[in-house]
Amino acid sequence: MKQLLEHLKYIKKPVIAAMVFAVLSQISNLTLPMLMSSIINNGIANEDIDYIKKVGLLMMCISALGVVIAVGNSYFSSKTSALYGKRLRREIFLKVEDLSQRDIDKVGTPSLITRCTNDVRVIQDFVLTSLRMIISVPIMLVGGVVMSFILNPKLATIIFAVIPIIGVIAALVIRFVIPIFRKRQKLVDSVNRFIREKLSGIRVIRAFNRTEKEDARFDERNEALSGLTLKFQRMMAVLIPICIVLIIIALDLLILVAANNFNSMDPVTEADKLLSAIGDLQAFVIYMIMIVSAVTMTAAMFVIVPRAKISANRITEVLNIVPSVVDPEKAEKVDESLRGTVEFRSVSFGYNEAENYVLSDISFTAEKGKVTAFIGSTGSGKSTIANLIMRFYDVNKGQILFGGKDLRNLNQDEFHKDIALVPQKALLFSGSVRENLLYGDENATDEQLRRALEISQSAEFVDKLPEGIESMISQNGTNLSGGQKQRLCIARALVRNADVYIFDDSFSALDFKTDAILRKAIKDNIDATVLIVAQRVGTIMDADKLVVLDEGRIVGMGKHTELMENCEVYREIYHSQMTEEVTA
């Protein structure tokens, strides 16, 4: 919590303004009851109309000023809260951008979303409430007690009979609230994770008639979250009425004691004294309400603070993650004579740092101007190689050399400029076709964009769109077919004009004819290192070097004709796919 609140120093002006307005607001609140008592004691008792008018006018001015002050306090408190939430979300977002894929996998994407939204909102509400209470409550409490003792020390003792009871109630609530909020945030993560999974897989769910089953699974999680929330609300529903009842009891005792004092006075001979007592009683009642309200708000803060603390811990947990992939203090420069060359030297890697590696003792070299392709069964580690070249993860053993230098000794931003990646899942962003292509190079000219579209075989269907290259693409490209999305992703990579191109199973949605034409266009127009991860033999048969993977190990390397002679795994893949194509 302390670490997060330190960010308030960046928005000092609205914080100070909110606190100043809070002080002024409570000063005006403490002044009004005394003035009201003064009117009764001095004005009405002495029948001094001028005094009543003068003090009454002063009360009206203070009340009007109090309204302005209250609005100012609310405005600056809300502004501080909003700016703080904005800054905190930005800090989390920037931190997540610095994390490696391994770090993100540990926390989980749904949990990161919850922490950036729900948890930040909890902290934001805490800041808002604190700025309105942290100054107001002490002034109300201390000021009310002091003014009460000034008016009547005997009546003031009634207040101290109520305060300990409210404190005990708050302590009991806190004991049960902290575990509830901790469990609730985990359930929110679970619900978000399930919703994200269901929305992304909605077509599969419908295709297999699993809607009712998935609804039942969601209801189970939703009921657990709702039940826990209701449990907390019931606690608050009990606490608030109890506090109100205690206030009413205290008022009854106060009025009872005052009534006994009034009964002992002679209304004829002690009229002035009686009026003074009534004026003091009226002011005292208001001060007592202020004191008990301050205690009640303090009790409420004891409920808010644990909830904010849990959210703060979850946010701090993300902000304190030390990225597993970092840039060196003194980055090296690639060897210009080897620019574009990618070399694996005895690389072993496991996603969870387990003993069973996904890749084991992988060694190969991909040279500039040549096509290096990877093929193997599902789970053999093909896409993992692409992820390691991008340094989304660091290897457990061995080295990956890029331009003759170890990837870990290079600046990530610098070597990423030399690589163009087409991911396994075709991902497009909401915006126009042009805007998506400019992700490759924001300074690309229209001629460069057109060339990329033509090489990727996208020009024909883009020209047919209502507004051509300016046509809008929906989020994730849902208004395009799978093949169209893949081709646009390839075009985006070609716009980059990189030294290394990585195609991670990027031709799977294309028909064989388009696949062949596209690969030929890339070979004829791109003078760079090309790495292709593929499932289909037909896609990579003409590659300069084929790397065959099986259970994370290289079992064959060479050209197609060589592998057909000496690699059994490759022959099995070839015959199974070619037989299927002929049969089809």
# chains A, B, ... in the order shown; residues from 1 in each chain; ligands from 1
$ residues_around --residues "stretch 9-19 of chain A" --least-positions-apart "5" --cutoff "9 Å" --atoms "only C-alpha atoms" --output "PDB file with N, CA and C atoms, in the first residue's frame"
ATOM      1  N   LEU A  24     -11.209  23.364   5.776  1.00  0.00           N
ATOM      2  CA  LEU A  24     -12.125  24.506   5.806  1.00  0.00           C
ATOM      3  C   LEU A  24     -13.574  24.059   6.000  1.00  0.00           C
ATOM      4  N   GLY A  72     -15.780  22.118  -3.655  1.00  0.00           N
ATOM      5  CA  GLY A  72     -14.353  22.124  -3.968  1.00  0.00           C
ATOM      6  C   GLY A  72     -13.663  20.868  -3.473  1.00  0.00           C
ATOM      7  N   ASN A  73     -13.998  20.451  -2.248  1.00  0.00           N
ATOM      8  CA  ASN A  73     -13.416  19.225  -1.695  1.00  0.00           C
ATOM      9  C   ASN A  73     -13.778  18.012  -2.539  1.00  0.00           C
ATOM     10  N   SER A  74     -15.053  17.938  -2.931  1.00  0.00           N
ATOM     11  CA  SER A  74     -15.511  16.812  -3.759  1.00  0.00           C
ATOM     12  C   SER A  74     -14.807  16.823  -5.116  1.00  0.00           C
ATOM     13  N   TYR A  75     -14.663  18.020  -5.706  1.00  0.00           N
ATOM     14  CA  TYR A  75     -14.039  18.135  -7.027  1.00  0.00           C
ATOM     15  C   TYR A  75     -12.579  17.689  -6.990  1.00  0.00           C
ATOM     16  N   PHE A  76     -11.809  18.224  -6.055  1.00  0.00           N
ATOM     17  CA  PHE A  76     -10.387  17.908  -6.011  1.00  0.00           C
ATOM     18  C   PHE A  76     -10.130  16.478  -5.541  1.00  0.00           C
ATOM     19  N   SER A  77     -11.005  15.954  -4.676  1.00  0.00           N
ATOM     20  CA  SER A  77     -10.871  14.549  -4.272  1.00  0.00           C
ATOM     21  C   SER A  77     -11.102  13.627  -5.458  1.00  0.00           C
ATOM     22  N   SER A  78     -12.151  13.932  -6.223  1.00  0.00           N
ATOM     23  CA  SER A  78     -12.469  13.120  -7.404  1.00  0.00           C
ATOM     24  C   SER A  78     -11.365  13.239  -8.456  1.00  0.00           C
ATOM     25  N   LYS A  79     -10.834  14.451  -8.624  1.00  0.00           N
ATOM     26  CA  LYS A  79      -9.766  14.662  -9.606  1.00  0.00           C
ATOM     27  C   LYS A  79      -8.513  13.878  -9.213  1.00  0.00           C
ATOM     28  N   THR A  80      -8.178  13.944  -7.931  1.00  0.00           N
ATOM     29  CA  THR A  80      -7.012  13.197  -7.449  1.00  0.00           C
ATOM     30  C   THR A  80      -7.196  11.704  -7.676  1.00  0.00           C
ATOM     31  N   LEU A  83      -6.922  10.892 -11.474  1.00  0.00           N
ATOM     32  CA  LEU A  83      -5.547  11.000 -11.960  1.00  0.00           C
ATOM     33  C   LEU A  83      -4.676   9.875 -11.399  1.00  0.00           C
ATOM     34  N   TYR A  84      -4.937   9.522 -10.146  1.00  0.00           N
ATOM     35  CA  TYR A  84      -4.171   8.446  -9.525  1.00  0.00           C
ATOM     36  C   TYR A  84      -4.461   7.112 -10.213  1.00  0.00           C
ATOM     37  N   LEU A 131      -9.303  10.874   1.052  1.00  0.00           N
ATOM     38  CA  LEU A 131      -9.153  12.324   0.968  1.00  0.00           C
ATOM     39  C   LEU A 131     -10.348  13.054   1.569  1.00  0.00           C
ATOM     40  N   ARG A 132     -11.492  12.397   1.531  1.00  0.00           N
ATOM     41  CA  ARG A 132     -12.680  13.021   2.121  1.00  0.00           C
ATOM     42  C   ARG A 132     -12.780  12.777   3.621  1.00  0.00           C
ATOM     43  N   ILE A 134      -9.801  11.449   5.707  1.00  0.00           N
ATOM     44  CA  ILE A 134      -8.559  11.427   6.487  1.00  0.00           C
ATOM     45  C   ILE A 134      -8.320  12.736   7.236  1.00  0.00           C
ATOM     46  N   ILE A 135      -8.814  13.857   6.690  1.00  0.00           N
ATOM     47  CA  ILE A 135      -8.730  15.148   7.376  1.00  0.00           C
ATOM     48  C   ILE A 135     -10.010  15.417   8.153  1.00  0.00           C
ATOM     49  N   SER A 136     -11.130  15.096   7.528  1.00  0.00           N
ATOM     50  CA  SER A 136     -12.430  15.421   8.132  1.00  0.00           C
ATOM     51  C   SER A 136     -12.655  14.688   9.445  1.00  0.00           C
TER      52      SER A 136
END
$ residues_around --residues "A:Phe181" --least-positions-apart "4" --cutoff "12 Å" --atoms "only C-alpha atoms" --output "PyMOL selection string"
chain A and resi 119+122+174-177+185-188+225+228-233+303-314
$ residues_around --residues "stretch 465-482 of chain A" --least-positions-apart "2" --cutoff "9 Å" --atoms "only C-alpha atoms" --output "list in words"
Ala426, Leu427, Leu428, Phe429, Ser430, Gly431, Ser432, Val433, Arg434, Glu435, Asn436, Ala459, Phe461, Val462, Asp463, Gln484, Lys485, Gln486, Arg487, Ala509 and Leu510 of chain A
$ write_last_selection --atoms "N, CA and C atoms" --output "short mmCIF file (atom, residue, chain, number, x, y, z; two decimals), in the first residue's frame"
data_model
loop_
_atom_site.label_atom_id
_atom_site.label_comp_id
_atom_site.auth_asym_id
_atom_site.auth_seq_id
_atom_site.Cartn_x
_atom_site.Cartn_y
_atom_site.Cartn_z
N ALA A 426 -3.15 -15.53 -36.69
CA ALA A 426 -3.23 -14.28 -37.44
C ALA A 426 -3.95 -13.22 -36.61
N LEU A 427 -3.24 -12.19 -36.21
CA LEU A 427 -3.80 -11.16 -35.35
C LEU A 427 -3.77 -9.81 -36.05
N LEU A 428 -4.96 -9.24 -36.23
CA LEU A 428 -5.09 -7.90 -36.78
C LEU A 428 -5.77 -7.01 -35.74
N PHE A 429 -5.50 -5.72 -35.83
CA PHE A 429 -6.05 -4.78 -34.87
C PHE A 429 -7.21 -4.01 -35.49
N SER A 430 -8.09 -3.52 -34.65
CA SER A 430 -9.19 -2.70 -35.17
C SER A 430 -8.61 -1.43 -35.77
N GLY A 431 -9.09 -1.08 -36.94
CA GLY A 431 -8.55 0.06 -37.68
C GLY A 431 -8.58 -0.25 -39.17
N SER A 432 -8.02 0.61 -39.97
CA SER A 432 -8.03 0.38 -41.41
C SER A 432 -6.94 -0.61 -41.82
N VAL A 433 -7.04 -1.07 -43.07
CA VAL A 433 -6.01 -1.95 -43.62
C VAL A 433 -4.67 -1.23 -43.60
N ARG A 434 -4.68 0.04 -43.99
CA ARG A 434 -3.45 0.83 -44.00
C ARG A 434 -2.81 0.88 -42.61
N GLU A 435 -3.62 1.16 -41.58
CA GLU A 435 -3.10 1.27 -40.22
C GLU A 435 -2.47 -0.04 -39.76
N ASN A 436 -3.07 -1.16 -40.14
CA ASN A 436 -2.51 -2.46 -39.77
C ASN A 436 -1.19 -2.71 -40.49
N ALA A 459 -3.44 -7.95 -52.63
CA ALA A 459 -3.87 -6.78 -53.39
C ALA A 459 -5.25 -6.98 -54.00
N PHE A 461 -7.94 -8.90 -53.15
CA PHE A 461 -9.13 -8.80 -52.29
C PHE A 461 -9.20 -7.45 -51.58
N VAL A 462 -8.06 -6.81 -51.32
CA VAL A 462 -8.08 -5.47 -50.70
C VAL A 462 -8.71 -4.47 -51.65
N ASP A 463 -8.37 -4.57 -52.95
CA ASP A 463 -8.94 -3.65 -53.94
C ASP A 463 -10.46 -3.79 -54.04
N GLN A 484 -7.51 -14.45 -45.69
CA GLN A 484 -7.29 -13.01 -45.88
C GLN A 484 -6.51 -12.43 -44.70
N LYS A 485 -6.84 -12.86 -43.50
CA LYS A 485 -6.11 -12.38 -42.32
C LYS A 485 -4.64 -12.79 -42.38
N GLN A 486 -4.41 -14.05 -42.76
CA GLN A 486 -3.02 -14.52 -42.85
C GLN A 486 -2.23 -13.73 -43.87
N ARG A 487 -2.82 -13.45 -45.00
CA ARG A 487 -2.12 -12.72 -46.05
C ARG A 487 -1.82 -11.28 -45.62
N ALA A 509 -3.83 -21.43 -43.66
CA ALA A 509 -5.20 -21.13 -44.10
C ALA A 509 -5.28 -20.87 -45.60
N LEU A 510 -4.16 -21.02 -46.30
CA LEU A 510 -4.14 -20.74 -47.74
C LEU A 510 -4.31 -22.03 -48.54
#
$ closest_residue --among "A:Ile362, A:Ile419, A:Met140, A:Ala216" --to "A:Val23" --atoms "only C-alpha atoms"
A:Met140
$ closest_atom_pairs --of "stretch 290-408 of chain A" --to "stretch 529-540 of chain A" --cutoff "10 Å" --atoms "only C-alpha atoms" --output "Markdown table"
| residue | atom | partner | partner_atom | distance |
| --- | --- | --- | --- | --- |
| A:Arg339 | CA | A:Thr529 | CA | 9.4 |
| A:Gly340 | CA | A:Thr529 | CA | 5.9 |
| A:Thr341 | CA | A:Thr529 | CA | 6.9 |
| A:Val342 | CA | A:Thr529 | CA | 8.1 |
| A:Ala366 | CA | A:Thr529 | CA | 6.7 |
| A:Glu367 | CA | A:Thr529 | CA | 5.8 |
| A:Lys368 | CA | A:Thr529 | CA | 4.1 |
| A:Gly369 | CA | A:Thr529 | CA | 5.2 |
| A:Lys370 | CA | A:Thr529 | CA | 5.6 |
| A:Val371 | CA | A:Val530 | CA | 4.7 |
| A:Thr372 | CA | A:Leu531 | CA | 4.8 |
| A:Ala373 | CA | A:Ile532 | CA | 4.5 |
| A:Phe374 | CA | A:Val533 | CA | 4.9 |
| A:Ile375 | CA | A:Ala534 | CA | 5.6 |
| A:Gly376 | CA | A:Gln535 | CA | 7.0 |
| A:Ser377 | CA | A:Gln535 | CA | 7.6 |
| A:Thr378 | CA | A:Gln535 | CA | 8.2 |
| A:Gly381 | CA | A:Val533 | CA | 10.0 |
| A:Lys382 | CA | A:Val533 | CA | 6.2 |
| A:Ser383 | CA | A:Val533 | CA | 6.8 |
| A:Thr384 | CA | A:Val533 | CA | 10.0 |
| A:Ile385 | CA | A:Val533 | CA | 8.9 |
| A:Ala386 | CA | A:Val533 | CA | 8.0 |
$ write_last_selection --atoms "N, CA and C atoms" --output "PDB file, in the first residue's frame"
ATOM      1  N   ARG A 339      25.101 -10.000 -40.427  1.00  0.00           N
ATOM      2  CA  ARG A 339      23.756  -9.475 -40.209  1.00  0.00           C
ATOM      3  C   ARG A 339      22.717 -10.367 -40.902  1.00  0.00           C
ATOM      4  N   GLY A 340      21.705 -10.749 -40.147  1.00  0.00           N
ATOM      5  CA  GLY A 340      20.645 -11.601 -40.677  1.00  0.00           C
ATOM      6  C   GLY A 340      20.868 -13.078 -40.415  1.00  0.00           C
ATOM      7  N   THR A 341      22.070 -13.447 -39.987  1.00  0.00           N
ATOM      8  CA  THR A 341      22.369 -14.854 -39.699  1.00  0.00           C
ATOM      9  C   THR A 341      21.855 -15.223 -38.309  1.00  0.00           C
ATOM     10  N   VAL A 342      21.141 -16.334 -38.214  1.00  0.00           N
ATOM     11  CA  VAL A 342      20.625 -16.834 -36.939  1.00  0.00           C
ATOM     12  C   VAL A 342      21.240 -18.207 -36.686  1.00  0.00           C
ATOM     13  N   ALA A 366      20.819 -20.517 -39.784  1.00  0.00           N
ATOM     14  CA  ALA A 366      19.988 -19.990 -40.870  1.00  0.00           C
ATOM     15  C   ALA A 366      20.718 -18.802 -41.475  1.00  0.00           C
ATOM     16  N   GLU A 367      21.044 -18.906 -42.766  1.00  0.00           N
ATOM     17  CA  GLU A 367      21.877 -17.891 -43.407  1.00  0.00           C
ATOM     18  C   GLU A 367      21.038 -16.919 -44.235  1.00  0.00           C
ATOM     19  N   LYS A 368      21.590 -15.726 -44.413  1.00  0.00           N
ATOM     20  CA  LYS A 368      20.896 -14.688 -45.166  1.00  0.00           C
ATOM     21  C   LYS A 368      20.742 -15.101 -46.634  1.00  0.00           C
ATOM     22  N   GLY A 369      19.571 -14.799 -47.171  1.00  0.00           N
ATOM     23  CA  GLY A 369      19.283 -15.118 -48.565  1.00  0.00           C
ATOM     24  C   GLY A 369      18.805 -16.540 -48.781  1.00  0.00           C
ATOM     25  N   LYS A 370      18.694 -17.314 -47.683  1.00  0.00           N
ATOM     26  CA  LYS A 370      18.243 -18.700 -47.805  1.00  0.00           C
ATOM     27  C   LYS A 370      17.015 -18.947 -46.946  1.00  0.00           C
ATOM     28  N   VAL A 371      16.280 -19.977 -47.315  1.00  0.00           N
ATOM     29  CA  VAL A 371      15.061 -20.352 -46.589  1.00  0.00           C
ATOM     30  C   VAL A 371      15.376 -21.570 -45.724  1.00  0.00           C
ATOM     31  N   THR A 372      15.146 -21.406 -44.427  1.00  0.00           N
ATOM     32  CA  THR A 372      15.299 -22.508 -43.484  1.00  0.00           C
ATOM     33  C   THR A 372      13.914 -22.853 -42.950  1.00  0.00           C
ATOM     34  N   ALA A 373      13.516 -24.107 -43.078  1.00  0.00           N
ATOM     35  CA  ALA A 373      12.167 -24.507 -42.682  1.00  0.00           C
ATOM     36  C   ALA A 373      12.216 -25.547 -41.573  1.00  0.00           C
ATOM     37  N   PHE A 374      11.167 -25.538 -40.747  1.00  0.00           N
ATOM     38  CA  PHE A 374      11.063 -26.477 -39.620  1.00  0.00           C
ATOM     39  C   PHE A 374       9.762 -27.253 -39.749  1.00  0.00           C
ATOM     40  N   ILE A 375       9.876 -28.560 -39.607  1.00  0.00           N
ATOM     41  CA  ILE A 375       8.696 -29.410 -39.706  1.00  0.00           C
ATOM     42  C   ILE A 375       8.796 -30.507 -38.659  1.00  0.00           C
ATOM     43  N   GLY A 376       7.652 -30.982 -38.247  1.00  0.00           N
ATOM     44  CA  GLY A 376       7.618 -32.029 -37.225  1.00  0.00           C
ATOM     45  C   GLY A 376       6.197 -32.199 -36.731  1.00  0.00           C
ATOM     46  N   SER A 377       5.991 -33.190 -35.899  1.00  0.00           N
ATOM     47  CA  SER A 377       4.653 -33.441 -35.378  1.00  0.00           C
ATOM     48  C   SER A 377       4.245 -32.333 -34.414  1.00  0.00           C
ATOM     49  N   THR A 378       2.974 -32.292 -34.082  1.00  0.00           N
ATOM     50  CA  THR A 378       2.478 -31.313 -33.123  1.00  0.00           C
ATOM     51  C   THR A 378       3.175 -31.490 -31.775  1.00  0.00           C
ATOM     52  N   GLY A 381       8.111 -28.678 -30.950  1.00  0.00           N
ATOM     53  CA  GLY A 381       8.913 -27.508 -30.572  1.00  0.00           C
ATOM     54  C   GLY A 381       9.174 -26.524 -31.688  1.00  0.00           C
ATOM     55  N   LYS A 382       8.425 -26.618 -32.781  1.00  0.00           N
ATOM     56  CA  LYS A 382       8.668 -25.738 -33.938  1.00  0.00           C
ATOM     57  C   LYS A 382       8.412 -24.263 -33.589  1.00  0.00           C
ATOM     58  N   SER A 383       7.228 -23.978 -33.044  1.00  0.00           N
ATOM     59  CA  SER A 383       6.892 -22.588 -32.703  1.00  0.00           C
ATOM     60  C   SER A 383       7.755 -22.056 -31.566  1.00  0.00           C
ATOM     61  N   THR A 384       8.218 -22.950 -30.716  1.00  0.00           N
ATOM     62  CA  THR A 384       9.097 -22.535 -29.618  1.00  0.00           C
ATOM     63  C   THR A 384      10.376 -21.926 -30.159  1.00  0.00           C
ATOM     64  N   ILE A 385      10.868 -22.472 -31.259  1.00  0.00           N
ATOM     65  CA  ILE A 385      12.076 -21.921 -31.881  1.00  0.00           C
ATOM     66  C   ILE A 385      11.837 -20.479 -32.316  1.00  0.00           C
ATOM     67  N   ALA A 386      10.665 -20.220 -32.909  1.00  0.00           N
ATOM     68  CA  ALA A 386      10.321 -18.852 -33.321  1.00  0.00           C
ATOM     69  C   ALA A 386      10.261 -17.920 -32.111  1.00  0.00           C
TER      70      ALA A 386
END
$ select_by_dssp --residues "stretch 319-563 of chain A" --states "helix (DSSP H, G or I)" --output "ChimeraX atom specification"
/A:319,336-338,382-389,407-409,412-416,433-437,446-455,459-463,468-470,475-477,482-495,512-525,537-540,560-563
$ closest_residue --among "A:Ile517, A:Gly404, A:Asp48, A:Val142" --to "A:Val292" --atoms "only C-alpha atoms"
A:Val142
$ closest_residue --among "A:Ala528, A:Leu151, A:Leu141, A:Cys489" --to "A:Phe507" --atoms "only C-alpha atoms"
A:Cys489
$ residues_around --residues "A:Leu438" --least-positions-apart "2" --cutoff "10 Å" --atoms "only C-alpha atoms" --output "number ranges by chain"
A: 432-436, 440-445, 449, 491-493, 495-496
$ atom_distance --atom1 "atom CA of A:Tyr393" --atom2 "atom CA of A:Ile113"
21.6 Å
